[in-house]
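Accompanying notes for the structure given below.
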Amino acid sequence: MSRFVFSLFEWFTAFLRSRNSVGLEIVALRLQISVLKRKNHRPRLSPWDQLIWVFLRRVWSRWAEVLVVVKPETVVRWYRAGFRLYWHFLSRRREKGRTRISSELRQLLERMAKENPTWGAPRIHGELLKLGFEVSERTVSRYLAQVGRNGDARKRWLVFLKNHREVIAAMDFFTVPTVMFRVLYCFFVISHSRRKVLHFNATEHPTSPWIVQQLREAFPEDTAPRYLILDRDRKYEGEAAEVLRSLSSELIGTAYQSPWQNGVAER
């Protein structure tokens, strides 16, 4: 009795749906009936049947309600497999690949890289264009990465630090909470040569005049280093900014939210 009432209800709701929805439901049911009529112990859907179900999934929202032969997850898997196959077809390699550069050009690239360790890919690419070689800058960059100049670059960086660390200093603030739940701002200047703290002091209110006094005590009588690293803290504005510009140092400001650029002071 309940099955009869349910069938009657389905028949009544069919009049409330659109013709397209009813037509798609009839196509889906007939497709499954044709599969079940096949003389196989376990009927399998052909590629055309799978394609029709993938199409129904795209154009009909109620496709899963009438699906009986397989699970809805199986149709989704078919759709994903077809999607991968489609993009694999579009991204297939239509050519044999990028043409290899000649041995003469490779030897010239290797020679220029070794004789000019400070030259990068743009400079070497420009020199090659002047010599009449048709090669892209991307190819030069990739070949320079294979030459193995990383060790030379690391040595050059160590030499640079050894030669310039005596003239570099950094400054920064850090906070210290007290027992009475107050916050003290500690200002310090550290040298890169021996990681020695040149000056430090603490205050509860780091005003611009207070920072000016700390700078005068840290660098008396034009003893400021050649390079001074600092972040973009707004505490250095106002009178402190004028004093910083008056120093005989080249101010190097770190980028926004980049503490690693002032690693000695941050550590």
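Identifiers in this document derive from the order of the structure tokens: chains are assigned A, B, ..., residues are numbered from 1 separately in each chain, and ligands are numbered from 1 in order of occurrence.
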As a ChimeraX atom specification, list the residues of stretch 138-199 of chain A assigned to alpha helix (DSSP H) by DSSP on the backbone atoms of this structure. /A:138-147,150-164
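The list of residues with at least one atom within 10 Å of A:Gln50, based on only C-alpha atoms and without residues fewer than 6 positions apart in the same chain, reads Arg44, Leu56, Thr74, Val75, Trp78 and Tyr79 of chain A.
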To test your reading of the structure, identify every residue in stretch 82-243 of chain A that backbone DSSP assigns to strand (DSSP E), and report it as a PyMOL selection string. chain A and resi 168-177+183-191+197-203+227-230
Could you please take those selected residues and save C-alpha atoms as a PDB file, in the first residue's frame?
```pdb
ATOM      1  CA  ILE A 168      78.508  47.927   9.864  1.00  0.00           C
ATOM      2  CA  ALA A 169      76.355  48.426  12.946  1.00  0.00           C
ATOM      3  CA  ALA A 170      72.692  47.784  13.638  1.00  0.00           C
ATOM      4  CA  MET A 171      70.146  49.289  16.025  1.00  0.00           C
ATOM      5  CA  ASP A 172      66.788  48.087  17.256  1.00  0.00           C
ATOM      6  CA  PHE A 173      64.275  48.010  20.128  1.00  0.00           C
ATOM      7  CA  PHE A 174      63.001  45.098  22.198  1.00  0.00           C
ATOM      8  CA  THR A 175      60.512  45.006  25.062  1.00  0.00           C
ATOM      9  CA  VAL A 176      60.911  43.630  28.586  1.00  0.00           C
ATOM     10  CA  PRO A 177      57.872  43.037  30.878  1.00  0.00           C
ATOM     11  CA  VAL A 183      56.703  47.301  29.680  1.00  0.00           C
ATOM     12  CA  LEU A 184      60.205  48.681  29.250  1.00  0.00           C
ATOM     13  CA  TYR A 185      61.579  49.524  25.807  1.00  0.00           C
ATOM     14  CA  CYS A 186      65.262  48.652  25.460  1.00  0.00           C
ATOM     15  CA  PHE A 187      67.260  50.453  22.793  1.00  0.00           C
ATOM     16  CA  PHE A 188      70.628  49.052  21.735  1.00  0.00           C
ATOM     17  CA  VAL A 189      73.300  49.432  19.057  1.00  0.00           C
ATOM     18  CA  ILE A 190      75.365  46.376  18.115  1.00  0.00           C
ATOM     19  CA  SER A 191      78.484  46.150  15.942  1.00  0.00           C
ATOM     20  CA  VAL A 197      76.848  45.943  22.037  1.00  0.00           C
ATOM     21  CA  LEU A 198      78.076  49.512  21.643  1.00  0.00           C
ATOM     22  CA  HIS A 199      75.289  51.158  23.635  1.00  0.00           C
ATOM     23  CA  PHE A 200      72.025  50.240  25.357  1.00  0.00           C
ATOM     24  CA  ASN A 201      69.439  51.857  27.588  1.00  0.00           C
ATOM     25  CA  ALA A 202      65.842  51.276  28.676  1.00  0.00           C
ATOM     26  CA  THR A 203      62.836  53.516  29.184  1.00  0.00           C
ATOM     27  CA  TYR A 227      76.651  51.648   7.414  1.00  0.00           C
ATOM     28  CA  LEU A 228      73.859  51.676   9.975  1.00  0.00           C
ATOM     29  CA  ILE A 229      71.018  49.167   9.702  1.00  0.00           C
ATOM     30  CA  LEU A 230      67.612  49.984  11.227  1.00  0.00           C
TER      31      LEU A 230
END
```
Nearest residue to A:Arg195 out of A:Lys155, A:Arg245, A:Arg267, A:Arg232, using only C-alpha atoms?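 Under the stated criterion, the closest residue is A:Arg267.
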Tell me, in Å to one decimal, how far atom CA of A:Phe133 is from atom CA of A:Gln107.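 Separation between atom CA of A:Phe133 and atom CA of A:Gln107: 13.0 Å.
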Nearby residues (only C-alpha atoms) at most 10 Å from stretch 134-136 of chain A, same-chain spacing under 4 positions excluded, as number ranges by chain: A: 101, 105, 121-122, 125-126, 128-130, 140-141
Output file for the selection above: C-alpha atoms, as a PDB file, in the first residue's frame:
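So selection.pdb came out as:
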```pdb
ATOM      1  CA  ILE A 101      72.531  25.382 -27.934  1.00  0.00           C
ATOM      2  CA  LEU A 105      78.077  28.728 -27.294  1.00  0.00           C
ATOM      3  CA  ALA A 121      72.549  36.367 -16.685  1.00  0.00           C
ATOM      4  CA  PRO A 122      71.373  39.799 -18.020  1.00  0.00           C
ATOM      5  CA  HIS A 125      73.056  37.750 -22.334  1.00  0.00           C
ATOM      6  CA  GLY A 126      73.720  41.309 -23.503  1.00  0.00           C
ATOM      7  CA  LEU A 128      76.233  37.448 -26.349  1.00  0.00           C
ATOM      8  CA  LEU A 129      73.761  39.532 -28.342  1.00  0.00           C
ATOM      9  CA  LYS A 130      76.578  41.928 -29.211  1.00  0.00           C
ATOM     10  CA  VAL A 140      71.580  31.785 -20.203  1.00  0.00           C
ATOM     11  CA  SER A 141      70.180  31.830 -16.671  1.00  0.00           C
TER      12      SER A 141
END
```
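Nearest residue to A:Gly82, choosing from A:Val264, A:Leu51, A:Leu108, A:Ala113 and counting only C-alpha atoms: A:Leu51.
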Here is a test: counting only C-alpha atoms, which residue of A:Val167, A:Ala81, A:Ala255, A:Ala145 is nearest to A:Asp233? A:Ala255
Choose the residue, out of A:Tyr256, A:Leu109, A:Trp210, A:Gly132, that has the smallest atom-to-atom separation from A:Tyr236; count only C-alpha atoms. A:Trp210
Among listed residues A:Arg84, A:Arg182, A:His192, A:Arg142, nearest A:Leu161 (using only C-alpha atoms):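 Ranking A:Arg84, A:Arg182, A:His192, A:Arg142 by distance to A:Leu161, first place goes to A:His192.
For the residues A:Ser103, A:Ser91, A:Gln257, A:Ser248, ranking by smallest atom-to-atom distance to A:Pro225 using only C-alpha atoms places A:Ser248 first.
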What gap, in Å, lies between atom CA of A:Gln146 and atom CA of A:Glu110?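 Result for atom CA of A:Gln146 versus atom CA of A:Glu110: 9.8 Å, one decimal.
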